[in-house]
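Notes follow once the structure below has been shown.
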Amino acid sequence: MAKKPTLRPEDFTIDEAAQEMLARAEEMGLSTAFTRAELMAPCPIGNVGMCCKHCGMGPCRLTKDGQTGVCGATLDTVQARNFIRAIAAGSAAHSDHGRDMAFTLKEVANGETEGYVIRDVAKLRVTAALYDIPIEGRSPNEIANDLADLYIAQFGQQRGRVVLTKRATAKRQKLWEKMGVVPRGVDREVVEALHRTHIGDDQDPPHILQHGIRTALADGWGGSLIATDVSDILFGTPAPILGQANLGVLKEDMVNVVVHGHEPTLSEMIVAASQDPEIIAYARAAGAKGINLAGICCTANEILMRQGIPAAGNFLHQELSILTGAVEAMVVDVQCIMQALVQLSTNFHTKIITTSPKVKIKGATHIQFDEHKALSIAKEILKTAIDNYKNRGEIQIPQHREDLVPGFSHEYINYMLGGSYRSSFRPLNDAIMSGRIRGVAAIVGCNNPRSKQDYLHAHVTRELLKQDVLIVETGCGAIASAKLGLMLGEAGLEEAGPGLREICEAIGIPPVLHMGSCVDNSRILTVLTQMATEGGLGDDIDQIPAVGLAPEWMSEKALSIGAYCVASGAYVIFGGASPIGGMPDRVSDSDIVLRYISEGWEEQFGGKMEFVADPDEMIRRTLAHIDKKRAALGLPAYDPDRFGRSGDERMIQLESLPLAQRKAALYGAPTE
Ligand code: NFS
């Protein structure tokens, strides 16, 4: 008899909306990633990187001391190969997204597209000037044409260096040159990673891993940064805007269209089409009040931070949104899209519409997106969704949603700290130097049904907030905090330590800053670089009291992000199992690679990568690292009692006291 899931919805997720939908799935006898994960134990050998399946002589499972593959490959070679193949796939995914954006910019500049314009001319000019592209007296289209050519060239470039790497600190660039890891061209590094890991090639683990760094740098300081730059230029650099998150954003009386995936070229056009009077009239004629758009995964982040379009949820919410029965169409492009959506949708009226020339799913409706006819295609997609409204069956929309303020691009953070004329990172650096802010943590990455949805994100975020750590977030981690209400000033502030709270109140920001999608981890690199160049926190990223965490990671993109952050000088902690963890208790030396990417990489790059399953241990290591970096900079040790006595919270407490006591508390006991 087939095994049945035994876990309850509350074991699978901390999100009440998700629990409600999982209960509905159970009632209807439908499987989800949550139940499939329970029933499918991961292969214990592949799970820890001890299986080589790169040629037809295997797969070789190396589970005994000294055992090698048929070709003689040792366990550390196999693990290093597996690891950099994952980095290469992640780097390829981000970078291909960046490439698509660069081509769209070129087509927009040439007037070949339908519906797009260059919305952020200021960012276009600033970005072009970084590469000495002439800007004075030239039209935005002329500048954009040159910038697009330069960016497109970075992918196929064979020699030299990816030009965006010059945006790192001077010290970091020199280190990369010394270590031989400056990426030459984005595609070249990914191809070389595949070549080197083919049977009979690179068989020296540190040498293999060094190329993993180079491939990841081609992502972080190449493909991803290009994706962020061009998205901002075409669709606007994000600034704070009010938004909402969770399944409760779906509307009972409207045509619900969920956009899911990654590239804003599609989702932005669907936003534009949904506001077209012709489409609104079409929806009304179908008996709905209008069209309601919502996002899933990083596409959600893209349109949330630029347009305030609500996020229906993060990665594990994709199936749950269909389970509401209220989604007329789920429109997908690339990455993080579960094949299970199509099968699940057959139990409802929901249409799964694929749009990318790169992604089709058996059984889905394919309406191929093309930038040249973007608006027309977006309208066609919406009409397909509207036509489907009449087919709705019984719906159940969980009434859970939270407000948030996303949109903290590095440009906005710079501006908010000093205004238009004095914009700088000085106040942030000062707050860290004084100890009001203990340090910074970037909490990013996916959901993974192998751990309770959002629990690790939430726990780590909340505990670090209490310790006066300023949090920046992207990707599905950001949506987790958004659903918990941590990204709205007052709500989030209640959870922040006193010093952090004081700073957030003074500047008027939430203590958890939403910085965008996963490719926008490039924004975090930019912020850290600006902090390093501002002065007072050393002269490179590895000196800043900052840590990156991906508590619920699952995608290869996350590994690429982790590797480029390490190469940029950051300490990166992944939650859950290590893909190269080995079985150190059974097979000696099966953790050589794991130790190398921690101790070895730290020696070389000042950053290190670790996999830590226990969330409290993640927090402990984060704080220890931050304090170590503070001490190395000669900053005062963090003291939670020193600050937080001038913030709003303090004033509210004092208001309840009689005047004399209030004065004494504020100014000290009067001296006679
Ligand atoms: Ni990042 Fe975005 Fe989410 Fe993970 Fe997937 S959506 S690119 S990979 S699951 S954070």
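Following the order of the structure tokens, chains are lettered A, B, ..., residues in each are numbered from 1, and ligands are numbered from 1.
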Give me, as a Markdown table, each residue of chain A that comes within 10 Å of ligand 1, together with its shortest interatomic pair and the distance in Å at one decimal, counting only C-alpha atoms and all ligand atoms, with rows ordered by chain and rising residue number.
| residue | atom | partner | partner_atom_place_in_ligand_line | distance |
| --- | --- | --- | --- | --- |
| A:Gly90 | CA | ligand 1 | 8 (S) | 8.7 |
| A:Ala93 | CA | ligand 1 | 7 (S) | 8.8 |
| A:His94 | CA | ligand 1 | 7 (S) | 7.7 |
| A:His260 | CA | ligand 1 | 6 (S) | 8.5 |
| A:Gly261 | CA | ligand 1 | 6 (S) | 6.8 |
| A:His262 | CA | ligand 1 | 2 (Fe) | 6.4 |
| A:Glu263 | CA | ligand 1 | 7 (S) | 9.9 |
| A:Ile296 | CA | ligand 1 | 6 (S) | 7.6 |
| A:Cys297 | CA | ligand 1 | 6 (S) | 4.0 |
| A:Cys298 | CA | ligand 1 | 2 (Fe) | 4.2 |
| A:Thr299 | CA | ligand 1 | 2 (Fe) | 7.5 |
| A:Ala300 | CA | ligand 1 | 6 (S) | 8.7 |
| A:Asn301 | CA | ligand 1 | 2 (Fe) | 8.7 |
| A:Gly313 | CA | ligand 1 | 3 (Fe) | 9.8 |
| A:Asn314 | CA | ligand 1 | 3 (Fe) | 6.3 |
| A:Phe315 | CA | ligand 1 | 9 (S) | 4.8 |
| A:Leu316 | CA | ligand 1 | 9 (S) | 8.0 |
| A:Val334 | CA | ligand 1 | 2 (Fe) | 9.7 |
| A:Gln335 | CA | ligand 1 | 5 (Fe) | 6.6 |
| A:Cys336 | CA | ligand 1 | 5 (Fe) | 4.7 |
| A:Ile337 | CA | ligand 1 | 5 (Fe) | 8.2 |
| A:Val444 | CA | ligand 1 | 10 (S) | 6.8 |
| A:Gly445 | CA | ligand 1 | 10 (S) | 3.9 |
| A:Cys446 | CA | ligand 1 | 4 (Fe) | 3.4 |
| A:Asn447 | CA | ligand 1 | 9 (S) | 5.8 |
| A:Asn448 | CA | ligand 1 | 9 (S) | 7.9 |
| A:Thr474 | CA | ligand 1 | 10 (S) | 7.4 |
| A:Gly475 | CA | ligand 1 | 10 (S) | 4.1 |
| A:Cys476 | CA | ligand 1 | 10 (S) | 4.2 |
| A:Gly477 | CA | ligand 1 | 10 (S) | 6.6 |
| A:Ala478 | CA | ligand 1 | 10 (S) | 8.5 |
| A:Ile479 | CA | ligand 1 | 3 (Fe) | 8.9 |
| A:Gly516 | CA | ligand 1 | 2 (Fe) | 9.9 |
| A:Ser517 | CA | ligand 1 | 2 (Fe) | 6.3 |
| A:Cys518 | CA | ligand 1 | 7 (S) | 4.3 |
| A:Val519 | CA | ligand 1 | 7 (S) | 6.4 |
| A:Asp520 | CA | ligand 1 | 7 (S) | 9.1 |
| A:Asn521 | CA | ligand 1 | 1 (Ni) | 9.5 |
| A:Ala550 | CA | ligand 1 | 10 (S) | 8.9 |
| A:Glu552 | CA | ligand 1 | 4 (Fe) | 8.6 |
| A:Trp553 | CA | ligand 1 | 4 (Fe) | 6.5 |
| A:Met554 | CA | ligand 1 | 4 (Fe) | 6.6 |
| A:Ser555 | CA | ligand 1 | 8 (S) | 5.1 |
| A:Glu556 | CA | ligand 1 | 8 (S) | 7.5 |
| A:Lys557 | CA | ligand 1 | 8 (S) | 5.7 |
| A:Ala558 | CA | ligand 1 | 8 (S) | 6.1 |
| A:Leu559 | CA | ligand 1 | 8 (S) | 9.6 |
| A:Ile561 | CA | ligand 1 | 1 (Ni) | 9.2 |
Practice item. Could you give me, as a PyMOL selection string, the residues within 10 Å of Asp232 of chain A, counting only C-alpha atoms and dropping anything in the same chain fewer than 3 positions from it? Key: chain A and resi 118-121+123-124+226-229+235-238+302+306+409
**Study point:** DSSP strand (DSSP E or B) residues within segment 278-344 of chain A, as a PyMOL selection string
**Key:** chain A and resi 291-296+311-313+327-332
Written selection (N, CA, C and O atoms) as a tab-separated table (two decimals), in the first residue's frame:
chain	number	residue	atom	x	y	z
A	291	ILE	N	-9.55	43.22	-12.97
A	291	ILE	CA	-8.46	42.24	-12.95
A	291	ILE	C	-7.62	42.47	-11.70
A	291	ILE	O	-7.28	43.61	-11.38
A	292	ASN	N	-7.30	41.42	-11.02
A	292	ASN	CA	-6.45	41.51	-9.85
A	292	ASN	C	-5.17	40.72	-10.12
A	292	ASN	O	-5.21	39.52	-10.30
A	293	LEU	N	-4.04	41.44	-10.13
A	293	LEU	CA	-2.76	40.77	-10.36
A	293	LEU	C	-2.08	40.49	-9.03
A	293	LEU	O	-2.19	41.28	-8.10
A	294	ALA	N	-1.37	39.38	-8.98
A	294	ALA	CA	-0.56	39.08	-7.80
A	294	ALA	C	0.66	38.30	-8.27
A	294	ALA	O	0.62	37.67	-9.34
A	295	GLY	N	1.74	38.35	-7.51
A	295	GLY	CA	2.97	37.69	-7.92
A	295	GLY	C	3.35	36.53	-7.01
A	295	GLY	O	2.89	36.43	-5.87
A	296	ILE	N	4.18	35.64	-7.55
A	296	ILE	CA	4.78	34.55	-6.77
A	296	ILE	C	6.28	34.57	-7.08
A	296	ILE	O	6.68	34.84	-8.21
A	311	ALA	N	2.09	40.55	-3.47
A	311	ALA	CA	2.73	39.24	-3.62
A	311	ALA	C	1.80	38.20	-3.02
A	311	ALA	O	1.44	38.29	-1.84
A	312	ALA	N	1.42	37.20	-3.81
A	312	ALA	CA	0.58	36.12	-3.26
A	312	ALA	C	1.41	35.21	-2.37
A	312	ALA	O	0.87	34.52	-1.51
A	313	GLY	N	2.74	35.20	-2.57
A	313	GLY	CA	3.56	34.39	-1.69
A	313	GLY	C	4.89	34.03	-2.29
A	313	GLY	O	5.24	34.46	-3.39
A	327	VAL	N	-7.82	31.30	-8.87
A	327	VAL	CA	-6.86	31.85	-9.83
A	327	VAL	C	-7.26	31.45	-11.25
A	327	VAL	O	-7.31	30.27	-11.58
A	328	GLU	N	-7.58	32.45	-12.05
A	328	GLU	CA	-8.01	32.16	-13.43
A	328	GLU	C	-6.83	31.72	-14.29
A	328	GLU	O	-6.95	30.85	-15.13
A	329	ALA	N	-5.67	32.37	-14.06
A	329	ALA	CA	-4.48	31.98	-14.83
A	329	ALA	C	-3.24	32.21	-14.01
A	329	ALA	O	-3.14	33.19	-13.26
A	330	MET	N	-2.31	31.27	-14.12
A	330	MET	CA	-0.98	31.48	-13.56
A	330	MET	C	-0.04	31.59	-14.75
A	330	MET	O	0.09	30.66	-15.55
A	331	VAL	N	0.58	32.76	-14.87
A	331	VAL	CA	1.42	33.05	-16.04
A	331	VAL	C	2.87	32.95	-15.61
A	331	VAL	O	3.30	33.66	-14.70
A	332	VAL	N	3.61	32.06	-16.25
A	332	VAL	CA	4.98	31.79	-15.79
A	332	VAL	C	5.98	32.09	-16.90
A	332	VAL	O	5.65	32.06	-18.08
Point to revise | Spatial neighbours of Pro449 of chain A, 8 Å, only C-alpha atoms, chain gap at least 4 places, as a list of chain:residue names | key: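 After dropping sequence-adjacent residues, the list is A:Phe12, A:Ala33, A:Phe34, A:Ala37, A:Leu316, A:Gln453.
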All heavy atoms of the current selection, written as a PDB file, in the first residue's frame:
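Resulting contents of out.pdb:
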ATOM      1  N   PHE A  12       4.205  21.597   8.543  1.00  0.00           N
ATOM      2  CA  PHE A  12       4.814  21.941   7.255  1.00  0.00           C
ATOM      3  C   PHE A  12       5.167  23.415   7.123  1.00  0.00           C
ATOM      4  O   PHE A  12       6.036  23.781   6.356  1.00  0.00           O
ATOM      5  CB  PHE A  12       3.839  21.616   6.113  1.00  0.00           C
ATOM      6  CG  PHE A  12       3.712  20.148   5.801  1.00  0.00           C
ATOM      7  CD1 PHE A  12       2.459  19.558   5.657  1.00  0.00           C
ATOM      8  CD2 PHE A  12       4.845  19.361   5.603  1.00  0.00           C
ATOM      9  CE1 PHE A  12       2.335  18.209   5.336  1.00  0.00           C
ATOM     10  CE2 PHE A  12       4.724  18.014   5.277  1.00  0.00           C
ATOM     11  CZ  PHE A  12       3.468  17.439   5.149  1.00  0.00           C
ATOM     12  N   ALA A  33       4.127  19.941  -2.813  1.00  0.00           N
ATOM     13  CA  ALA A  33       5.570  19.741  -2.561  1.00  0.00           C
ATOM     14  C   ALA A  33       5.803  19.354  -1.108  1.00  0.00           C
ATOM     15  O   ALA A  33       6.722  18.589  -0.802  1.00  0.00           O
ATOM     16  CB  ALA A  33       6.339  21.010  -2.894  1.00  0.00           C
ATOM     17  N   PHE A  34       4.957  19.857  -0.216  1.00  0.00           N
ATOM     18  CA  PHE A  34       5.118  19.558   1.214  1.00  0.00           C
ATOM     19  C   PHE A  34       4.947  18.051   1.449  1.00  0.00           C
ATOM     20  O   PHE A  34       5.775  17.421   2.097  1.00  0.00           O
ATOM     21  CB  PHE A  34       4.069  20.308   2.040  1.00  0.00           C
ATOM     22  CG  PHE A  34       4.171  21.805   1.968  1.00  0.00           C
ATOM     23  CD1 PHE A  34       3.561  22.525   0.949  1.00  0.00           C
ATOM     24  CD2 PHE A  34       4.856  22.512   2.946  1.00  0.00           C
ATOM     25  CE1 PHE A  34       3.636  23.906   0.892  1.00  0.00           C
ATOM     26  CE2 PHE A  34       4.941  23.896   2.905  1.00  0.00           C
ATOM     27  CZ  PHE A  34       4.324  24.597   1.866  1.00  0.00           C
ATOM     28  N   ALA A  37       7.587  15.913  -0.358  1.00  0.00           N
ATOM     29  CA  ALA A  37       8.887  15.916   0.337  1.00  0.00           C
ATOM     30  C   ALA A  37       8.860  14.938   1.501  1.00  0.00           C
ATOM     31  O   ALA A  37       9.846  14.250   1.771  1.00  0.00           O
ATOM     32  CB  ALA A  37       9.229  17.318   0.832  1.00  0.00           C
ATOM     33  N   LEU A 316       6.972  28.233  -2.004  1.00  0.00           N
ATOM     34  CA  LEU A 316       6.045  27.153  -1.645  1.00  0.00           C
ATOM     35  C   LEU A 316       4.577  27.585  -1.693  1.00  0.00           C
ATOM     36  O   LEU A 316       3.686  26.775  -1.429  1.00  0.00           O
ATOM     37  CB  LEU A 316       6.398  26.582  -0.264  1.00  0.00           C
ATOM     38  CG  LEU A 316       7.635  25.673  -0.267  1.00  0.00           C
ATOM     39  CD1 LEU A 316       7.998  25.234   1.148  1.00  0.00           C
ATOM     40  CD2 LEU A 316       7.440  24.446  -1.164  1.00  0.00           C
ATOM     41  N   GLN A 453       8.103  25.673   6.340  1.00  0.00           N
ATOM     42  CA  GLN A 453       8.117  26.890   5.517  1.00  0.00           C
ATOM     43  C   GLN A 453       8.171  28.154   6.377  1.00  0.00           C
ATOM     44  O   GLN A 453       7.358  28.319   7.290  1.00  0.00           O
ATOM     45  CB  GLN A 453       6.862  26.938   4.628  1.00  0.00           C
ATOM     46  CG  GLN A 453       6.883  28.116   3.662  1.00  0.00           C
ATOM     47  CD  GLN A 453       5.522  28.421   3.060  1.00  0.00           C
ATOM     48  OE1 GLN A 453       4.495  27.947   3.542  1.00  0.00           O
ATOM     49  NE2 GLN A 453       5.504  29.209   2.012  1.00  0.00           N
TER      50      GLN A 453
END
Check your understanding: Quick one: of A:Lys3, A:Arg392, A:His514, A:Lys360, who's nearest to Asn347 of chain A, counting only C-alpha atoms?
Key ->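 Looking only at the distances to Asn347 of chain A, the closest residue turns out to be A:Arg392.
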Point to revise | Filtered DSSP result for segment 399-525 of chain A, state helix (DSSP H, G or I), as a ChimeraX atom specification | key: /A:410-418,426-434,455-466,475-483,489-493,498-507,521-525
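Using only C-alpha atoms, the protein and nucleic acid residues lying no more than 8 Å from Ser434 of chain A, apart from those fewer than 4 places from it along its own chain, are Asp430, Leu635 and Pro636 of chain A.
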Those same residues, written as an mmCIF file, in the first residue's frame with N, CA, C and O atoms?
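What follows is the written file result_14.cif:
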data_model
loop_
_atom_site.group_PDB
_atom_site.id
_atom_site.type_symbol
_atom_site.label_atom_id
_atom_site.label_comp_id
_atom_site.auth_asym_id
_atom_site.auth_seq_id
_atom_site.Cartn_x
_atom_site.Cartn_y
_atom_site.Cartn_z
ATOM 1 N N ASP A 430 28.197 55.355 10.587
ATOM 2 C CA ASP A 430 28.321 55.933 11.932
ATOM 3 C C ASP A 430 27.533 55.114 12.955
ATOM 4 O O ASP A 430 28.001 54.885 14.069
ATOM 5 N N LEU A 635 36.310 48.954 16.914
ATOM 6 C CA LEU A 635 35.050 49.599 17.301
ATOM 7 C C LEU A 635 34.680 49.170 18.718
ATOM 8 O O LEU A 635 35.078 48.086 19.163
ATOM 9 N N PRO A 636 33.882 50.007 19.430
ATOM 10 C CA PRO A 636 33.479 49.590 20.776
ATOM 11 C C PRO A 636 32.681 48.288 20.721
ATOM 12 O O PRO A 636 31.934 48.052 19.768
#
Check your understanding: Using only C-alpha atoms, which of the listed residues (A:Ile471, A:Ile541, A:Leu375, A:Val612) sits closest to Ile573 of chain A?
Key ->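 Between A:Ile471, A:Ile541, A:Leu375, A:Val612, the residue approaching Ile573 of chain A most closely is A:Val612.
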Review point. Atom CA of Arg620 of chain A to atom CA of Asp540 of chain A: how many Å, to one decimal?
Key: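 Separation between atom CA of Arg620 of chain A and atom CA of Asp540 of chain A: 23.7 Å.
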